[in-house]
Amino acid sequence: MKYDFAEIEKKWQAVWEREKPFRAETGSEKPKFYGLIEFPYPSGQGLHVGHPRPFTAMDIVTRKKRMEGYNVLFPIGFDAFGLPTENYAIKNHVHPAAVTRQNIANFTRQLKMLGYGFDWDRVVDTTDPDYYKWTQWIFLQLYKHGLAYKTTMPVNWCTSCKCVLANEEVVEGVCERCGAPVIRKEKSQWMLKITEYAQRLIDDLDDVDFIERVKTQQRNWIGRSTGAEVTFKATTGDDIVVFTTRPDTLFGATYMVLSPEHALIKKWMPLLKNAPEVQEYQRIAASKSDMERTELNKEKTGVKLDGVRGVNPVNGREIPIFISDYVLATYGTGAIMAVPAHDDRDWEFAKKFGCEIIEVVSGGEDVQKAAFTAKDETGIMVNSEFLNGLTVKDAIPVITKWLEEKGIGKAKVNFKLRDWVFSRQRYWGEPIPMVWCDKCGWVPLPESELPLKLPEVDSYEPTDDGESPLSKMTDWVNTTCPHCGGPARRETDTMPQWAGSSWYFLRYMDPHNDKALASKEALDYWSPVDWYNGGMEHTTLHLLYSRFWHKFLYDIGVVPTKEPYQKRTSHGMILGEGGEKMSKSRGNVVNPDDVVKSCGADTLRLYIMFIGDFEQAAAWSDNAVKGCKRFLDRIWNLAENRIDGPETCSHANEAAVHRTIKKVGEDIEAMKFNTAIAAMMGLVNDFYDHAPSRGDIKALLQLLSPFAPHIAEELWERQGFEGYASTSAWPRYDESKMAESEKEIAIQINGKLRATATVPVDADDETVLTIVKAQEKVARALEGMEIVKSIVIKNKLVNLILRPAK
RNA sequence: GCGGGCAUGGUGUAAUGGCAGCCACGGUGGUCUUAGGAGCCACUGGAGAGAUCCGUGCAGGUUCGAAUCCUGUUGCCCGCACCA
């Protein structure tokens, strides 16, 4: 009979639906294992072939863990709030909730079609009021602990989404989602104080097992730098506080620069002889979009303040003050001391505006020609009075202490990380549970009134005036103040997409709880997530946000661990045939439905894992899929009919079977799925040379089961093995059975491969050398030569170093 | 500019100090066949009739031995980007 994948996959999916063999049991005596994948956004297009890569990988890991005796939690859900759904709803005049329901149904069908061992009783949906009740609850806790606040500030505004964006959502000056230009807009926004956790978000990376590039990217994004804050006086008597990482170069500060938005400029304006010029510069800087600001970063611009000067506190020298947009209002104090001799940007600016360049660290080239920026031991302080003769490294603590004693400065740590802009002017998101009362100010909704549900509205259109569509819903907006009972208005902005995903992994632990986001028992039992795999694109978004929320929940005693995820890995992207990104416009999109229809889910699963290094991007190839289908066909041919006999390995295949068990097991743990599959293919090739015994086949089906669960289950049943392959005990290997009795070793002469020889395994050096020297080619090479040195690497190689005999 | 990564047959890749190319795709030939775009078998890095020689982006180095380690260099990809 032919391998009828369609029939087989349907059959076993029905069995799993009925018998729920992948259900997780909170509180089980077995050791727990919590494997997590990023829950998908249920888009109208359905599953992309990119999805099965991480999903199948974690399915393989968790299926193996289950076979090894773990109580496995492998859940799935839907991150369903978001703009595409809202836009689709607007265009087609349907409610976003209806669109979401449809899309989730389609995703569910596709995920089941691929045979994943999810616990389907724990599905979460971020748009379900029973779920977002707790998202709102967490927001209220953040508010109560002073970590949520509303403020008016210039924010990133996407001109197409008509919505504000977090810093993390702006990529190269354009909207991460739609690619439209981002401009600055002054708006009143809810903010979350992620900066409060900046240091801990860095420090605690030391305690978790994240792949290194994730840690590095998070550290860079948080951007910790240590230095000092120093107070300069202005000739007006005002204090100008600057931040510097190089307080050692203070004697070389020959001018100062303020950001165009700096508050002192307004105060000084009447004193400035060139006030119109300064105002013009401010106006231009303010009108630049982020993209223009980055594009125009080639040449420095600026204006000198004519009428006010600064005073260098270390030597009392008067120095000029400039404004320039190379100093950012949002970082440090928005003002810098410029040391052109030892900073590339200051040097460039000084050259253009004719500022003095004074060397204070010797050891580099002429500072009139280029800045000398080394801050290690190579530089020695000069022209710096009491710092002279010290290295940069030694000078920093000396000057910092001096500044502190004089009361003009102190050590200071700065972060690039900004607070998280948490409001979105859109309909399809969690309502922010806050009420504005003219008497009481912002008042949080009582927890008993959660969830605050989204009202039914006629139009979800975003507005050009920057208000949320909810603001038009006067019935919903007008309410009473929970504090004084007077008339009040609800907040009409909604939460960003990242809210619901910041804690969903906790909800999986206890998804139907209506008393708490999850019970303490479930949180204690399942925390932390043991292994979380997801995309690199979420490193500075979801991953950072959810670590922040988790740390907060830990601080208020809700969760038992400091970190949500013990281990984090990441997969590469699946590209279209030819190596380009898959997109509708290129017409190279592969639909999983089509692949499953033509080759089956097991083949798709195998191929997507065999495609290449899991962490690397890989290009889809229709041809290569066939190889995986062929592999399953070959297994089918071997095992479709019952093989009788004892359940032990055959003599001919025993070593290969045990080696493959070891290899596949280790490769799954190391996410080297491609080589695990290659090893199984090798074993099947062996089985074509030496017919497999009942035991050989049993081991193969068990190894195959996590990768291609349907066919493994079907053949398991046909062979009449007990129970199910997917719940059988993962096979063990025996080192002693892996070794062959003989090994072919390489023979090198003076480091060059010259011959091979077959020697008994683990033979001692002398025996090996005797056999080697008896080789004809070796004997020939030895004529007239003497052996200077023999290197014997057990079971691998012999290298003879020869020279002419005297 | 800073940070991270990658470079191996016609293709995807494997080997992390020890016989370069496991496993696949593609290709060539054979076999079975009414037929084969199915299956099975064999071959498949390059040059050479062959013995052999050459070969892991490039140039050096360490080593008995380097795709692998070190130094330099080129190219590509990703992240951040005037962060003081």
# chains A, B, ... in the order shown; residues from 1 in each chain; ligands from 1

$ select_by_dssp --residues "region 310-426 of chain A" --states "strand (DSSP E or B)" --output "list in words"
Gly310, Val311, Glu318, Ile319, Pro320, Ile321, Phe322, Ile323, Ala335, Ile336, Met337, Ala338, Val361, Ser362, Ile380, Met381, Thr391, Gly409, Lys410, Ala411, Lys412, Val413, Asn414, Trp420, Val421 and Arg424 of chain A

$ interface_residues --of "chain B" --to "chain A" --cutoff "9 Å" --atoms "only C-alpha atoms (C1' of nucleotides)" --output "list in words"
G3, G4, G5, G12, U13, A14, G18, C19, C22, C23, A24, C25, G26, C64, G65, G79, C80, A81, C82, C83 and A84 of chain B

$ closest_residue --among "A:Leu201, A:Val398, A:Pro444, A:Gly77" --to "Leu506 (chain A)" --atoms "only C-alpha atoms"
A:Gly77

$ select_by_dssp --residues "region 137-181 of chain A" --states "alpha helix (DSSP H)" --output "MDAnalysis selection string"
chainID A and resid 137:144

$ atom_distance --atom1 "CA of Asp510 (chain A)" --atom2 "CA of Ala725 (chain A)"
28.4 Å

$ residues_around --residues "Ala371 (chain A)" --least-positions-apart "5" --cutoff "12 Å" --atoms "only C-alpha atoms (C1' of nucleotides)" --output "list in words"
Gly252, Ala338, Val339, Pro340, Ala341, His342, Asp343, Asp344, Arg345, Asp346, Trp347, Glu348, Phe349, Ala350, Lys351, Ile357, Ile358, Glu359, Val360, Val361, Ser362, Gly363, Gly364, Glu365 and Asp366 of chain A

$ residues_around --residues "region 520-534 of chain A" --least-positions-apart "6" --cutoff "9 Å" --atoms "only C-alpha atoms (C1' of nucleotides)" --output "number ranges by chain"
A: 26-28, 32-38, 54-55, 57-58, 73, 505-506, 509-510, 558-571

$ atom_distance --atom1 "CA of Asp238 (chain A)" --atom2 "CA of Trp268 (chain A)"
9.7 Å

$ closest_residue --among "A:Pro731, A:Gly50, A:Pro511, A:Gly115" --to "Ile711 (chain A)" --atoms "only C-alpha atoms"
A:Gly115

$ residues_around --residues "Asp465 (chain A)" --least-positions-apart "6" --cutoff "12 Å" --atoms "only C-alpha atoms (C1' of nucleotides)" --output "VMD selection string"
chain A and resid 157 159 162 to 163 185 187 425 471

$ residues_around --residues "region 584-589 of chain A" --least-positions-apart "4" --cutoff "9 Å" --atoms "only C-alpha atoms (C1' of nucleotides)" --output "PDB file with all heavy atoms, in the first residue's frame"
ATOM      1  N   HIS A  48       1.829  31.712   7.814  1.00  0.00           N
ATOM      2  CA  HIS A  48       2.898  31.909   6.844  1.00  0.00           C
ATOM      3  C   HIS A  48       3.852  30.736   7.041  1.00  0.00           C
ATOM      4  O   HIS A  48       3.914  30.183   8.132  1.00  0.00           O
ATOM      5  CB  HIS A  48       3.557  33.247   7.210  1.00  0.00           C
ATOM      6  CG  HIS A  48       4.716  33.637   6.363  1.00  0.00           C
ATOM      7  ND1 HIS A  48       5.997  33.252   6.666  1.00  0.00           N
ATOM      8  CD2 HIS A  48       4.780  34.383   5.238  1.00  0.00           C
ATOM      9  CE1 HIS A  48       6.804  33.762   5.751  1.00  0.00           C
ATOM     10  NE2 HIS A  48       6.100  34.453   4.886  1.00  0.00           N
ATOM     11  N   VAL A  49       4.627  30.332   5.998  1.00  0.00           N
ATOM     12  CA  VAL A  49       5.547  29.197   6.243  1.00  0.00           C
ATOM     13  C   VAL A  49       6.620  29.536   7.253  1.00  0.00           C
ATOM     14  O   VAL A  49       7.326  28.644   7.715  1.00  0.00           O
ATOM     15  CB  VAL A  49       6.287  28.622   5.019  1.00  0.00           C
ATOM     16  CG1 VAL A  49       5.531  27.521   4.377  1.00  0.00           C
ATOM     17  CG2 VAL A  49       6.765  29.676   4.084  1.00  0.00           C
ATOM     18  N   LEU A 575      13.102  32.445   3.834  1.00  0.00           N
ATOM     19  CA  LEU A 575      13.031  33.335   2.678  1.00  0.00           C
ATOM     20  C   LEU A 575      12.388  32.599   1.514  1.00  0.00           C
ATOM     21  O   LEU A 575      12.262  31.371   1.532  1.00  0.00           O
ATOM     22  CB  LEU A 575      14.447  33.778   2.283  1.00  0.00           C
ATOM     23  CG  LEU A 575      15.250  34.451   3.389  1.00  0.00           C
ATOM     24  CD1 LEU A 575      16.710  34.595   2.981  1.00  0.00           C
ATOM     25  CD2 LEU A 575      14.658  35.809   3.726  1.00  0.00           C
ATOM     26  N   GLY A 576      12.016  33.358   0.513  1.00  0.00           N
ATOM     27  CA  GLY A 576      11.423  32.750  -0.666  1.00  0.00           C
ATOM     28  C   GLY A 576      12.470  32.023  -1.494  1.00  0.00           C
ATOM     29  O   GLY A 576      13.671  32.137  -1.249  1.00  0.00           O
ATOM     30  N   GLU A 577      12.014  31.272  -2.461  1.00  0.00           N
ATOM     31  CA  GLU A 577      12.919  30.568  -3.357  1.00  0.00           C
ATOM     32  C   GLU A 577      13.835  31.605  -4.016  1.00  0.00           C
ATOM     33  O   GLU A 577      13.348  32.608  -4.517  1.00  0.00           O
ATOM     34  CB  GLU A 577      12.105  29.817  -4.415  1.00  0.00           C
ATOM     35  CG  GLU A 577      12.838  28.679  -5.029  1.00  0.00           C
ATOM     36  CD  GLU A 577      12.001  27.400  -5.062  1.00  0.00           C
ATOM     37  OE1 GLU A 577      10.829  27.404  -4.664  1.00  0.00           O
ATOM     38  OE2 GLU A 577      12.556  26.384  -5.489  1.00  0.00           O
ATOM     39  N   GLU A 580      15.155  35.672  -1.516  1.00  0.00           N
ATOM     40  CA  GLU A 580      14.563  36.973  -1.211  1.00  0.00           C
ATOM     41  C   GLU A 580      13.447  36.809  -0.197  1.00  0.00           C
ATOM     42  O   GLU A 580      12.858  35.734  -0.067  1.00  0.00           O
ATOM     43  CB  GLU A 580      14.003  37.595  -2.494  1.00  0.00           C
ATOM     44  CG  GLU A 580      15.080  38.093  -3.419  1.00  0.00           C
ATOM     45  CD  GLU A 580      14.515  39.087  -4.406  1.00  0.00           C
ATOM     46  OE1 GLU A 580      13.651  38.681  -5.192  1.00  0.00           O
ATOM     47  OE2 GLU A 580      14.934  40.263  -4.360  1.00  0.00           O
TER      48      GLU A 580
END

$ residues_around --residues "G9 (chain B)" --least-positions-apart "2" --cutoff "9 Å" --atoms "only C-alpha atoms (C1' of nucleotides)" --output "JSON, numbers by chain"
{"B": [11, 21, 45]}

$ atom_distance --atom1 "CA of His550 (chain A)" --atom2 "CA of Lys65 (chain A)"
26.0 Å
